[in-house]
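Here's the structure, in structure tokens; my notes come after.
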Amino acid sequence: MANDPFLGMLGLTRRAGKLAFGDELVREMCMDKKARAVFVAADAGASTAKKAAFYAESANAPCITLPHGKEDLGAAIGKNGCAVCAVSDIGLAAAAMQKLASIHSEYAEAAAQLAEKNARIQSRKGKKKPKEKTAQAAPAAKAANPAKTRRRPKENPRAKRALDRKSPRSEAKR
């Protein structure tokens with residue numbers, strides 16, 4: 001499985017800094033609600049798979065059991081062995097799942113869910129939330145606040161020392 005595009009995508013995700021691997025890092029990412037997808041190796045232990053499913057549920061992310069073993073998953077991300085990993089970027093997670101679904105058709109539903117979630121998130125990017133101001137509150141706020149006066153910044157000790165060090169020539173020019 002050396003040429004598997006899904007594993008290559010996971011390697012790219014790790015190099016981008018968007019991959020957490022190992023039980024502890026995956027738990028932290030999921031508890032911070034930053035995980036977009038959690039992947040579990042096929043030969044991971046029952047306890048590890050159960051924990052990963054719990055973490056993914058808390059982050060509202062899909063937990064996908066891969067057709068690859070720990071050694072394949074670890075080799076893809078540059079570790080000796082890896083039973084569980086999580087992706088924090090929705091675009092990378094959706095692309096990886098799309099590659100997995102193109103090879104293994106049983107992952108098509110999860111890939112469609114991530115693609116839909118990616119589309120929703122991408123459509124919201126760049127849009128700012130409107131500020132909630134009432135038309136009556138704005139003039140009242142202006143009337144209540146008098147014109148602001150500029151305050152002089154506190155004396156800069158470095159500038160003061162520089163003035164003390166000036167040569168007699170510069171004193172004559174003043």
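If you're wondering about the labels, chains in the structure tokens are A, B, ... by order shown, residues count from 1 in each chain, ligands from 1 in order shown.
For segment 33-89 of chain A, the set of residues given alpha helix (DSSP H) by DSSP on the backbone reads Ala46, Ser47, Thr48, Ala49, Lys50, Lys51, Ala52, Ala53, Phe54, Tyr55, Ala56, Glu57, Ser58, Lys70, Glu71, Asp72, Leu73, Gly74, Ala75, Ala76 and Ile77 of chain A.
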| field | Residue contacts of His104 of chain A (12 Å, only C-alpha atoms) excluding same-chain residues fewer than 4 positions away, as a VMD selection string | value | chain A and resid 4 to 6 66 to 68 97 to 100 108 to 111
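For the choices A:Pro62, A:Gly81, A:Gly74, A:Gly45, the atom-to-atom distance to Arg14 of chain A is smallest for A:Gly74 when using only C-alpha atoms.
Atom pair atom CA of Met31 of chain A / atom CA of Pro130 of chain A has a distance of 29.2 Å (rounded to one decimal).
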| request: Please provide the set of residues having any atom within 12 Å of Ile64 of chain A, restricted to only C-alpha atoms, with same-chain residues fewer than 3 positions apart removed, written as a ChimeraX atom specification. | output: /A:36-42,49-50,52-53,56-57,61,67-68,83-87,93,96-97,100-101,106-111,114
Go ahead and save the picked residues with N, CA, C and O atoms, as a compact mmCIF listing (two decimals), in the first residue's frame.
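See out06.txt below for the written result:
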# COMPACT_ATOMS: atom_id res chain seq x y z
N ARG A 36 -11.68 17.49 12.76
CA ARG A 36 -12.68 17.39 11.70
C ARG A 36 -12.94 15.95 11.31
O ARG A 36 -14.01 15.63 10.81
N ALA A 37 -11.96 15.08 11.51
CA ALA A 37 -12.11 13.65 11.24
C ALA A 37 -11.11 12.90 12.10
O ALA A 37 -9.99 13.36 12.31
N VAL A 38 -11.53 11.74 12.61
CA VAL A 38 -10.66 10.88 13.42
C VAL A 38 -10.53 9.56 12.68
O VAL A 38 -11.53 8.97 12.28
N PHE A 39 -9.28 9.12 12.49
CA PHE A 39 -9.00 7.88 11.77
C PHE A 39 -8.39 6.86 12.73
O PHE A 39 -7.47 7.19 13.48
N VAL A 40 -8.90 5.63 12.66
CA VAL A 40 -8.42 4.55 13.52
C VAL A 40 -7.89 3.44 12.62
O VAL A 40 -8.53 3.06 11.63
N ALA A 41 -6.73 2.90 12.95
CA ALA A 41 -6.14 1.79 12.17
C ALA A 41 -7.00 0.54 12.33
O ALA A 41 -7.67 0.35 13.34
N ALA A 42 -6.96 -0.33 11.33
CA ALA A 42 -7.77 -1.54 11.33
C ALA A 42 -7.37 -2.48 12.46
O ALA A 42 -8.24 -3.15 13.05
N ALA A 49 -10.02 1.99 19.93
CA ALA A 49 -11.09 2.32 18.99
C ALA A 49 -12.28 2.93 19.73
O ALA A 49 -12.91 3.88 19.24
N LYS A 50 -12.58 2.40 20.92
CA LYS A 50 -13.69 2.92 21.70
C LYS A 50 -13.41 4.35 22.16
O LYS A 50 -14.28 5.23 22.09
N ALA A 52 -11.35 6.48 20.72
CA ALA A 52 -11.35 7.35 19.53
C ALA A 52 -12.79 7.70 19.12
O ALA A 52 -13.07 8.84 18.75
N ALA A 53 -13.69 6.74 19.20
CA ALA A 53 -15.09 7.00 18.86
C ALA A 53 -15.70 8.01 19.83
O ALA A 53 -16.45 8.91 19.43
N ALA A 56 -14.23 11.45 19.02
CA ALA A 56 -14.80 11.98 17.78
C ALA A 56 -16.23 12.47 18.01
O ALA A 56 -16.64 13.50 17.47
N GLU A 57 -16.98 11.73 18.81
CA GLU A 57 -18.36 12.14 19.10
C GLU A 57 -18.38 13.46 19.86
O GLU A 57 -19.22 14.31 19.59
N ALA A 61 -17.22 14.95 15.03
CA ALA A 61 -16.44 14.57 13.85
C ALA A 61 -16.66 13.09 13.58
O ALA A 61 -16.90 12.31 14.50
N PRO A 67 -8.86 0.81 6.36
CA PRO A 67 -8.47 -0.53 5.93
C PRO A 67 -6.97 -0.79 6.11
O PRO A 67 -6.48 -1.86 5.79
N HIS A 68 -6.25 0.19 6.62
CA HIS A 68 -4.81 0.09 6.80
C HIS A 68 -4.48 -0.24 8.26
O HIS A 68 -5.20 0.15 9.17
N ALA A 83 -1.93 4.14 15.86
CA ALA A 83 -3.23 3.49 15.86
C ALA A 83 -4.36 4.48 15.61
O ALA A 83 -5.39 4.11 15.06
N VAL A 84 -4.17 5.73 16.00
CA VAL A 84 -5.24 6.72 15.86
C VAL A 84 -4.64 8.08 15.50
O VAL A 84 -3.57 8.45 15.97
N CYS A 85 -5.34 8.80 14.63
CA CYS A 85 -4.92 10.16 14.27
C CYS A 85 -6.16 10.99 13.97
O CYS A 85 -7.23 10.46 13.69
N ALA A 86 -6.01 12.30 14.04
CA ALA A 86 -7.11 13.22 13.78
C ALA A 86 -6.61 14.37 12.92
O ALA A 86 -5.48 14.82 13.06
N VAL A 87 -7.48 14.84 12.04
CA VAL A 87 -7.15 15.94 11.13
C VAL A 87 -7.95 17.15 11.57
O VAL A 87 -9.15 17.07 11.82
N ALA A 93 -9.15 17.03 5.39
CA ALA A 93 -9.91 15.84 5.80
C ALA A 93 -10.86 15.39 4.69
O ALA A 93 -10.96 14.20 4.39
N ALA A 96 -8.77 13.85 1.83
CA ALA A 96 -8.28 12.52 2.18
C ALA A 96 -9.41 11.49 2.10
O ALA A 96 -9.22 10.39 1.58
N MET A 97 -10.56 11.84 2.61
CA MET A 97 -11.70 10.91 2.56
C MET A 97 -12.16 10.67 1.13
O MET A 97 -12.58 9.57 0.78
N LEU A 100 -9.86 8.12 -0.25
CA LEU A 100 -10.16 6.81 0.32
C LEU A 100 -11.43 6.23 -0.29
O LEU A 100 -11.50 5.04 -0.60
N ALA A 101 -12.44 7.08 -0.50
CA ALA A 101 -13.70 6.62 -1.08
C ALA A 101 -13.55 6.22 -2.54
O ALA A 101 -14.28 5.35 -3.03
N GLU A 106 -17.01 1.67 0.41
CA GLU A 106 -17.74 1.70 1.67
C GLU A 106 -17.52 3.02 2.44
O GLU A 106 -18.24 3.30 3.39
N TYR A 107 -16.58 3.83 2.02
CA TYR A 107 -16.31 5.10 2.68
C TYR A 107 -16.95 6.28 1.94
O TYR A 107 -16.72 7.44 2.30
N ALA A 108 -17.79 6.01 0.96
CA ALA A 108 -18.39 7.06 0.15
C ALA A 108 -19.31 7.96 0.98
O ALA A 108 -19.33 9.19 0.78
N GLU A 109 -20.06 7.38 1.91
CA GLU A 109 -20.99 8.17 2.72
C GLU A 109 -20.24 9.15 3.62
O GLU A 109 -20.59 10.33 3.71
N ALA A 110 -19.19 8.69 4.27
CA ALA A 110 -18.39 9.56 5.13
C ALA A 110 -17.71 10.65 4.30
O ALA A 110 -17.61 11.81 4.74
N ALA A 111 -17.26 10.30 3.10
CA ALA A 111 -16.63 11.29 2.23
C ALA A 111 -17.64 12.36 1.81
O ALA A 111 -17.31 13.55 1.75
N LEU A 114 -18.22 14.76 4.79
CA LEU A 114 -17.12 15.72 4.96
C LEU A 114 -17.07 16.74 3.83
O LEU A 114 -16.75 17.91 4.07
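Between atom CA of Lys125 of chain A and atom CA of Gly8 of chain A the separation is 27.0 Å.
Each of A:Lys34, A:Lys51, A:Arg27, A:Arg15 was compared to Ala76 of chain A using only C-alpha atoms, and A:Arg15 turns out to be the nearest.
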